[in-house]
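What follows is the content of coords_21.txt (compact mmCIF, C-alpha atoms).
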# COMPACT_ATOMS: atom_id res chain seq x y z
CA MET L 1260 93.37 109.44 84.01
CA GLU L 1261 95.09 109.40 87.38
CA GLN L 1262 91.80 108.68 89.15
CA ALA L 1263 91.02 105.88 86.72
CA ILE L 1264 94.37 104.26 87.44
CA LEU L 1265 93.91 104.75 91.19
CA ALA L 1266 90.56 102.97 91.09
CA TRP L 1267 92.22 99.63 91.65
CA THR L 1268 95.87 100.31 92.55
CA LEU L 1269 96.93 98.68 95.82
CA VAL L 1270 93.51 97.28 96.66
CA ALA L 1271 93.60 93.63 95.71
CA GLY L 1272 95.74 90.51 95.68
CA GLY L 1273 95.53 86.88 96.71
CA ALA L 1274 96.64 86.32 100.25
CA TRP L 1275 96.10 82.62 100.64
CA ALA L 1276 97.03 79.54 98.69
CA GLN L 1277 95.05 76.33 98.84
CA SER L 1278 97.41 75.15 101.56
CA GLY L 1279 96.26 78.04 103.77
CA ALA L 1280 99.71 79.65 104.01
CA SER L 1281 99.92 83.44 103.85
CA ASP L 1282 101.66 85.04 100.89
CA THR L 1283 103.73 87.06 103.38
CA ASP L 1284 104.88 84.02 105.38
CA GLU L 1285 108.52 83.66 104.35
CA THR L 1286 108.75 80.20 105.89
CA ALA L 1287 106.22 78.92 103.34
CA TYR L 1288 108.75 79.40 100.52
CA THR L 1289 111.33 76.73 99.68
CA PRO L 1290 114.86 77.88 98.72
CA SER L 1291 115.57 77.26 95.04
CA THR L 1292 117.11 78.82 91.93
CA LEU L 1293 115.56 80.70 89.05
CA ALA L 1294 116.72 77.96 86.67
CA LYS L 1295 114.70 75.40 88.61
CA ILE L 1296 111.71 77.67 89.17
CA PHE L 1297 111.47 78.41 85.45
CA GLY L 1298 112.46 74.92 84.40
CA GLY L 1299 110.37 72.08 83.09
CA SER L 1300 108.26 71.84 79.96
CA ALA L 1301 104.63 72.54 79.23
CA ARG L 1302 102.35 69.72 78.14
CA SER L 1303 101.68 71.68 74.95
CA GLN L 1304 103.23 74.79 73.45
CA ASN L 1305 99.75 75.70 72.18
CA ASP L 1306 97.97 75.52 75.54
CA GLU L 1307 97.37 79.16 76.47
CA ALA L 1308 96.79 78.41 80.16
CA GLU L 1309 98.39 75.40 81.83
CA LEU L 1310 97.88 76.04 85.53
CA GLY L 1311 100.53 74.52 87.76
CA ALA L 1312 99.93 72.56 90.94
CA PRO L 1313 99.27 74.69 94.04
CA GLY L 1314 101.97 75.25 96.62
CA GLN L 1315 104.91 75.85 94.25
CA TRP L 1316 106.36 78.64 96.37
CA TYR L 1317 110.10 79.34 96.19
CA SER L 1318 112.68 81.86 97.37
CA THR L 1319 116.04 82.80 95.92
CA THR L 1320 118.53 85.66 95.67
CA ALA L 1321 119.14 87.38 92.34
CA ALA L 1322 120.31 90.69 90.90
CA PHE L 1323 117.71 93.11 89.58
CA THR L 1324 118.82 94.26 86.10
CA GLY L 1325 116.78 97.47 86.20
CA GLN L 1326 114.65 96.32 83.26
CA LYS L 1327 110.87 96.11 83.34
CA ARG L 1328 108.13 95.68 80.76
CA GLN L 1329 104.39 95.44 80.44
CA PRO L 1330 103.20 91.83 80.96
CA SER L 1331 102.19 90.12 77.75
CA SER L 1332 98.48 89.68 77.10
CA ARG L 1333 99.34 86.02 76.43
CA PHE L 1334 99.59 85.62 80.21
CA ARG L 1335 96.03 86.83 80.86
CA PRO L 1336 94.26 83.43 80.54
CA LEU L 1337 96.78 81.82 82.89
CA ILE L 1338 96.62 84.62 85.48
CA SER L 1339 92.83 84.53 85.24
CA SER L 1340 92.84 80.80 86.01
CA TRP L 1341 95.29 81.31 88.86
CA VAL L 1342 93.27 84.13 90.40
CA GLY L 1343 90.11 82.05 90.13
CA SER L 1344 91.79 79.08 91.79
CA ARG L 1345 92.50 81.30 94.78
CA GLY L 1346 88.86 82.24 95.15
CA LEU L 1347 89.32 85.83 93.99
CA THR L 1348 87.02 87.82 91.72
CA PRO L 1349 87.84 88.33 88.01
CA ASP L 1350 88.44 92.07 88.43
CA VAL L 1351 91.63 91.25 90.35
CA VAL L 1352 93.12 90.04 87.06
CA GLU L 1353 93.07 93.57 85.65
CA MET L 1354 95.68 94.93 88.04
CA TYR L 1355 98.28 92.57 86.58
CA PHE L 1356 97.86 94.09 83.12
CA GLY L 1357 97.05 97.75 83.82
CA GLY L 1358 100.60 99.04 84.27
CA ASP L 1359 101.11 99.14 88.04
CA LEU L 1360 102.58 95.64 88.24
CA PRO L 1361 105.14 95.19 85.46
CA GLU L 1362 107.38 92.26 84.72
CA LEU L 1363 110.78 92.62 86.41
CA GLN L 1364 114.01 91.20 85.06
CA PHE L 1365 116.49 89.41 87.33
CA GLU L 1366 119.86 87.84 86.60
CA GLN L 1367 121.22 84.72 88.22
CA GLY L 1368 123.94 82.32 87.12
CA GLY L 1369 124.65 84.35 83.99
CA LYS L 1370 121.05 84.08 82.75
CA LYS L 1371 118.19 86.58 82.83
CA TYR L 1372 114.62 85.84 83.80
CA TRP L 1373 111.39 87.84 83.64
CA VAL L 1374 109.15 87.69 86.71
CA MET L 1375 105.65 89.11 87.02
CA ALA L 1376 105.30 91.57 89.90
CA GLY L 1377 102.56 90.74 92.38
CA LEU L 1378 101.31 91.92 95.77
CA PRO L 1379 102.61 93.19 98.05
CA GLY L 1380 106.25 92.93 96.90
CA GLY L 1381 105.70 94.34 93.43
CA LEU L 1382 104.29 97.61 94.73
CA ALA L 1383 106.73 100.52 94.66
CA PHE L 1384 109.60 98.17 93.75
CA ASN L 1385 112.40 100.71 94.09
CA TYR L 1386 115.70 98.83 93.92
CA PRO L 1387 118.40 100.17 91.61
CA PRO L 1388 119.93 98.18 88.74
CA GLY L 1389 122.49 95.64 89.92
CA GLN L 1390 121.03 95.35 93.43
CA LYS L 1391 120.92 91.80 94.77
CA VAL L 1392 117.61 91.04 96.48
CA SER L 1393 115.90 88.07 98.05
CA ILE L 1394 112.74 87.38 96.08
CA TYR L 1395 109.81 85.15 96.94
CA LEU L 1396 108.02 83.65 93.96
CA GLN L 1397 104.93 81.59 93.30
CA ARG L 1398 105.11 79.47 90.18
CA VAL L 1399 101.82 79.88 88.34
CA GLY L 1400 102.23 77.55 85.35
CA PHE L 1401 102.76 77.89 81.60
CA ALA L 1402 101.28 80.38 79.13
CA SER L 1403 101.62 79.08 75.57
CA GLY L 1404 104.66 77.11 76.70
CA THR L 1405 106.28 79.99 78.62
CA PRO L 1406 106.83 79.42 82.36
CA VAL L 1407 105.27 82.13 84.53
CA ALA L 1408 105.99 83.03 88.16
CA VAL L 1409 104.69 85.89 90.30
CA LEU L 1410 106.80 87.82 92.83
CA THR L 1411 104.98 88.28 96.14
CA LEU L 1412 107.77 89.40 98.48
CA VAL L 1413 111.15 91.05 98.10
CA LYS L 1414 113.77 92.19 100.61
CA LEU L 1415 117.48 92.81 100.92
CA PRO L 1416 119.54 89.65 101.51
CA SER L 1417 120.57 88.87 105.06
CA GLY L 1418 123.44 91.11 106.14
CA VAL L 1419 122.72 93.87 103.62
CA THR L 1420 121.35 97.05 105.20
CA SER L 1421 121.21 99.50 102.31
CA THR L 1422 120.81 99.73 98.58
CA THR L 1423 123.02 101.41 96.02
CA ILE L 1424 121.28 104.52 94.72
CA PRO L 1425 122.30 105.68 91.21
CA ALA L 1426 124.51 108.77 91.02
CA ALA L 1427 121.64 110.78 89.54
CA GLY L 1428 120.06 110.93 93.00
CA ARG L 1429 116.71 109.61 94.13
CA ARG L 1430 115.22 109.42 90.65
CA MET L 1431 113.89 105.90 90.16
CA HIS L 1432 113.17 104.19 86.88
CA ASN L 1433 111.18 101.23 88.12
CA THR L 1434 107.92 103.04 88.74
CA ARG L 1435 104.38 102.78 87.50
CA MET L 1436 104.19 102.58 83.72
CA GLY L 1437 102.63 105.71 82.30
CA GLU L 1438 104.00 107.94 85.06
CA GLY L 1439 107.70 107.66 84.31
CA ALA L 1440 110.61 108.04 86.68
CA ARG L 1441 109.87 109.02 90.26
CA ARG L 1442 111.67 111.66 92.31
CA GLN L 1443 111.32 112.02 96.05
CA GLU L 1444 110.53 115.60 97.07
CA ALA L 1445 110.17 115.11 100.81
CA THR L 1446 110.55 112.44 103.48
CA PHE L 1447 108.07 112.00 106.33
CA LYS L 1448 109.43 110.88 109.70
CA SER L 1449 106.44 110.76 112.05
CA GLY L 1450 102.72 110.21 112.03
CA SER L 1451 100.03 107.62 112.58
CA ALA L 1452 96.88 106.13 111.12
CA THR L 1453 93.77 105.20 113.08
CA PHE L 1454 91.06 103.21 111.34
CA THR L 1455 88.11 100.95 112.05
CA TYR L 1456 87.83 97.61 110.30
CA ALA L 1457 85.10 95.06 111.00
CA GLY L 1458 84.09 97.01 114.09
CA ARG L 1459 87.56 97.06 115.64
CA GLU L 1460 89.74 100.15 115.90
CA TYR L 1461 93.44 100.03 115.03
CA THR L 1462 96.19 102.62 115.44
CA LEU L 1463 99.46 102.11 113.55
CA PRO L 1464 102.59 104.30 113.60
CA LEU L 1465 104.21 105.62 110.45
CA ASP L 1466 106.80 103.09 109.24
CA VAL L 1467 109.69 105.37 108.29
CA ALA L 1468 111.52 102.47 106.65
CA GLY L 1469 108.59 101.66 104.37
CA ARG L 1470 109.54 98.00 104.63
CA HIS L 1471 106.63 96.77 102.47
CA SER L 1472 106.64 99.58 99.92
CA ILE L 1473 108.87 102.67 99.98
CA ALA L 1474 110.04 105.27 102.50
CA PRO L 1475 107.05 107.52 103.29
CA GLY L 1476 107.21 110.85 101.54
CA LEU L 1477 106.03 113.05 98.70
CA TYR L 1478 106.98 111.84 95.23
CA ALA L 1479 106.84 113.52 91.83
CA TYR L 1480 106.61 111.65 88.52
CA GLU L 1481 107.81 112.69 85.09
CA ASN L 1482 104.25 113.20 83.86
CA GLY L 1483 103.62 115.82 86.55
CA VAL L 1484 101.69 113.63 88.99
CA ARG L 1485 102.62 114.28 92.63
CA THR L 1486 101.64 111.71 95.25
CA ALA L 1487 102.23 110.96 98.91
CA LEU L 1488 103.16 107.31 99.46
CA LEU L 1489 102.61 106.29 103.06
CA GLU L 1490 103.06 103.13 105.11
CA TYR L 1491 101.84 102.54 108.65
CA GLY L 1492 102.69 99.57 110.85
CA SER L 1493 105.59 97.97 112.67
CA GLY L 1494 105.76 94.44 111.28
CA ASP L 1495 104.47 91.93 108.76
CA ASP L 1496 101.37 91.03 110.74
CA GLN L 1497 99.48 94.26 110.12
CA TYR L 1498 100.23 97.31 108.02
CA LEU L 1499 98.44 99.90 105.92
CA LEU L 1500 99.68 101.39 102.65
CA LEU L 1501 98.15 104.62 101.38
CA ARG L 1502 98.58 106.40 98.07
CA VAL L 1503 97.35 110.00 98.35
CA PRO L 1504 97.60 112.03 95.12
CA VAL L 1505 97.86 115.81 95.13
CA PRO L 1506 94.52 117.02 93.69
CA GLU L 1507 94.86 118.77 90.35
CA GLY L 1508 92.54 121.66 89.53
CA SER L 1509 88.97 120.82 90.51
CA GLU L 1510 89.68 117.13 91.16
CA ALA L 1511 88.06 115.72 94.27
CA ALA L 1512 90.28 114.42 97.05
CA SER L 1513 91.05 110.72 96.74
CA LEU L 1514 93.28 108.04 98.19
CA VAL L 1515 93.86 104.32 97.78
CA PRO L 1516 94.28 101.97 100.78
CA TYR L 1517 95.91 98.54 100.89
CA LEU L 1518 95.57 96.72 104.19
CA VAL L 1519 97.04 93.61 105.81
CA LEU L 1520 95.62 92.35 109.12
CA ASN L 1521 96.73 89.27 111.04
CA GLY L 1522 99.07 88.43 108.18
CA ARG L 1523 96.27 88.44 105.60
CA ILE L 1524 95.64 90.86 102.77
CA VAL L 1525 92.08 92.03 103.33
CA PRO L 1526 89.58 92.03 100.44
CA PRO L 1527 89.56 95.09 98.14
CA ILE L 1528 88.58 98.27 99.98
CA ASP L 1529 86.17 100.37 97.95
CA ILE L 1530 85.88 103.93 99.27
CA GLY L 1531 83.89 105.20 96.29
CA ALA L 1532 80.80 105.72 98.45
CA CYS L 1533 82.75 107.21 101.37
CA ALA L 1534 83.37 110.83 102.35
CA VAL L 1535 87.06 111.54 101.68
CA SER L 1536 88.74 114.64 103.05
CA VAL L 1537 92.43 115.31 102.37
CA GLU L 1538 93.58 118.26 104.45
CA LYS L 1539 97.04 118.49 102.93
CA VAL L 1540 99.42 116.70 100.58
CA GLN L 1541 102.62 118.71 100.44
CA ARG L 1542 106.29 118.62 101.34
CA ALA L 1543 105.52 119.49 104.96
CA GLY L 1544 103.31 116.44 105.31
CA ALA L 1545 100.04 114.75 104.50
CA ALA L 1546 96.83 114.36 106.49
CA GLY L 1547 93.21 113.47 105.96
CA ASN L 1548 90.32 111.24 106.87
CA VAL L 1549 87.78 108.86 105.36
CA ASP L 1550 84.26 108.33 106.70
CA CYS L 1551 82.38 105.30 105.35
CA THR L 1552 79.70 105.10 108.04
CA ASP L 1553 76.98 105.96 105.54
CA ALA L 1554 78.26 103.55 102.87
CA PRO L 1555 76.23 100.31 102.60
CA ARG L 1556 77.94 97.18 103.94
CA ALA L 1557 81.20 99.05 104.58
CA VAL L 1558 83.68 96.91 106.55
CA PHE L 1559 86.35 99.63 106.47
CA SER L 1560 84.38 102.43 108.15
CA ARG L 1561 86.71 105.19 109.36
CA LEU L 1562 90.28 106.36 108.76
CA ARG L 1563 92.33 109.23 110.09
CA PHE L 1564 95.96 109.55 108.96
CA SER L 1565 98.83 111.99 109.31
CA ALA L 1566 102.48 112.12 108.27
CA GLU L 1567 105.08 114.84 108.74

Could you spell out this file's structure in structure tokens?
Amino acid sequence: MEQAILAWTLVAGGAWAQSGASDTDETAYTPSTLAKIFGGSARSQNDEAELGAPGQWYSTTAAFTGQKRQPSSRFRPLISSWVGSRGLTPDVVEMYFGGDLPELQFEQGGKKYWVMAGLPGGLAFNYPPGQKVSIYLQRVGFASGTPVAVLTLVKLPSGVTSTTIPAAGRRMHNTRMGEGARRQEATFKSGSATFTYAGREYTLPLDVAGRHSIAPGLYAYENGVRTALLEYGSGDDQYLLLRVPVPEGSEAASLVPYLVLNGRIVPPIDIGACAVSVEKVQRAGAAGNVDCTDAPRAVFSRLRFSAE
């Protein structure tokens, strides 16, 4: 089941709106409030997919309540229309309803709002209940009269340098549905990733802060799954996220890459036809390589990564 879930985790997401602005460009978002973002009325309460006008990008600061839930299937027609309007393939829609990207609840002005998690901000969303965060949202439209917005970026508000971790320790409750709470077993402090994309070689250092995901390390979930979550890069312009599960029994080595280059999320990277070798995934570190030179039409051709 883990491999089935990993088949699409972290590999897709719309990077560009019709205006040409990058999802990760904070300056493209207009300051607003959740009341305004989720305000207005649908043309019809019975219209299952009323797609909003493009360019409705907003930012605000709100408190995460700690609550999450599986997105309603009522949102699927709307998300499908939105994904299509961005020139993405229909399979991208599935990641919004497969469990990795839940709805997140935020509170602002005494009211609570549900926001759909998107890429890259919704990945490994690990803020504790009550934490105030700056969130960047794209208003999608209305689904059967319900306003829908997708979170693309999230960060601590200006002047805040740390989060409040619950007294129970590093156990997090806002993890992938189906896996349960996540506990960090080890932290990695050094390493690098070298890969070739579109004929050009890149080398990125391990990002110990995990600014786009979570601090690199080995994590264990309540269902027994153990996974290394890694981030390489030094800014928003280019970074690589890797999810490397600890093989169970006779399972073949696998990993899932998510890549941003020149501020753009690259198209889904399929390594199904590539040779994957994971040398280690343990508390002492993680290392491995991917060779796609024999895969037809492979744009992502080689990868070598390490973290200790």

Write out as a PyMOL selection string which residues come within 12 Å of L:Ser1340 when counting only C-alpha atoms, dropping same-chain ones fewer than 4 positions away.
chain L and resi 1307-1313+1334-1336+1344-1349+1351-1352+1399-1402

Once you have the residues from the selection above, write them out as a compact mmCIF listing (two decimals), in the coordinates of the input, restricted to C-alpha atoms.
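Dumped to selection.txt:
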# COMPACT_ATOMS: atom_id res chain seq x y z
CA GLU L 1307 97.37 79.16 76.47
CA ALA L 1308 96.79 78.41 80.16
CA GLU L 1309 98.39 75.40 81.83
CA LEU L 1310 97.88 76.04 85.53
CA GLY L 1311 100.53 74.52 87.76
CA ALA L 1312 99.93 72.56 90.94
CA PRO L 1313 99.27 74.69 94.04
CA PHE L 1334 99.59 85.62 80.21
CA ARG L 1335 96.03 86.83 80.86
CA PRO L 1336 94.26 83.43 80.54
CA SER L 1344 91.79 79.08 91.79
CA ARG L 1345 92.50 81.30 94.78
CA GLY L 1346 88.86 82.24 95.15
CA LEU L 1347 89.32 85.83 93.99
CA THR L 1348 87.02 87.82 91.72
CA PRO L 1349 87.84 88.33 88.01
CA VAL L 1351 91.63 91.25 90.35
CA VAL L 1352 93.12 90.04 87.06
CA VAL L 1399 101.82 79.88 88.34
CA GLY L 1400 102.23 77.55 85.35
CA PHE L 1401 102.76 77.89 81.60
CA ALA L 1402 101.28 80.38 79.13

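For the choices L:Tyr1395, L:Phe1454, L:Phe1323, L:Tyr1317, the atom-to-atom distance to L:Thr1552 is smallest for L:Phe1454 when using all atoms listed in the file.
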
Quick one: pull the distance between atom CA of L:Val1503 and atom CA of L:Val1374, Å, one decimal.
27.8 Å

My list of candidates is L:Ala1287, L:Ala1321, L:Leu1465, L:Leu1415. Which is closest to L:Gly1369 when distances are computed with only C-alpha atoms?
L:Ala1321

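If only C-alpha atoms are the atoms counted, then among L:Ala1487, L:Leu1378, L:Leu1363, L:Val1392 the closest residue to L:Arg1523 is L:Leu1378.
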
Padding 8 Å on every side, please: axis-aligned box over the listed atoms of stretch 1496-1499 of chain L, centre and edge lengths to one decimal in Å, as JSON.
{"center_x": 99.9, "center_y": 95.5, "center_z": 108.3, "size_x": 18.9, "size_y": 24.9, "size_z": 20.8}

Name the residues in contact with L:Ala1376 at a cut-off of 7 Å, using only C-alpha atoms, excluding same-chain residues fewer than 2 positions from it; report them as a PyMOL selection string.
chain L and resi 1360-1363+1374+1381+1409-1410

Dump of C-alpha atoms for the selected residues, as a PDB file, in the frame of the given file:
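Done, and the output landed in selection-v3.pdb:
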ATOM      1  CA  LEU L1360     102.580  95.640  88.240  1.00  0.00           C
ATOM      2  CA  PRO L1361     105.140  95.190  85.460  1.00  0.00           C
ATOM      3  CA  GLU L1362     107.380  92.260  84.720  1.00  0.00           C
ATOM      4  CA  LEU L1363     110.780  92.620  86.410  1.00  0.00           C
ATOM      5  CA  VAL L1374     109.150  87.690  86.710  1.00  0.00           C
ATOM      6  CA  GLY L1381     105.700  94.340  93.430  1.00  0.00           C
ATOM      7  CA  VAL L1409     104.690  85.890  90.300  1.00  0.00           C
ATOM      8  CA  LEU L1410     106.800  87.820  92.830  1.00  0.00           C
TER       9      LEU L1410
END
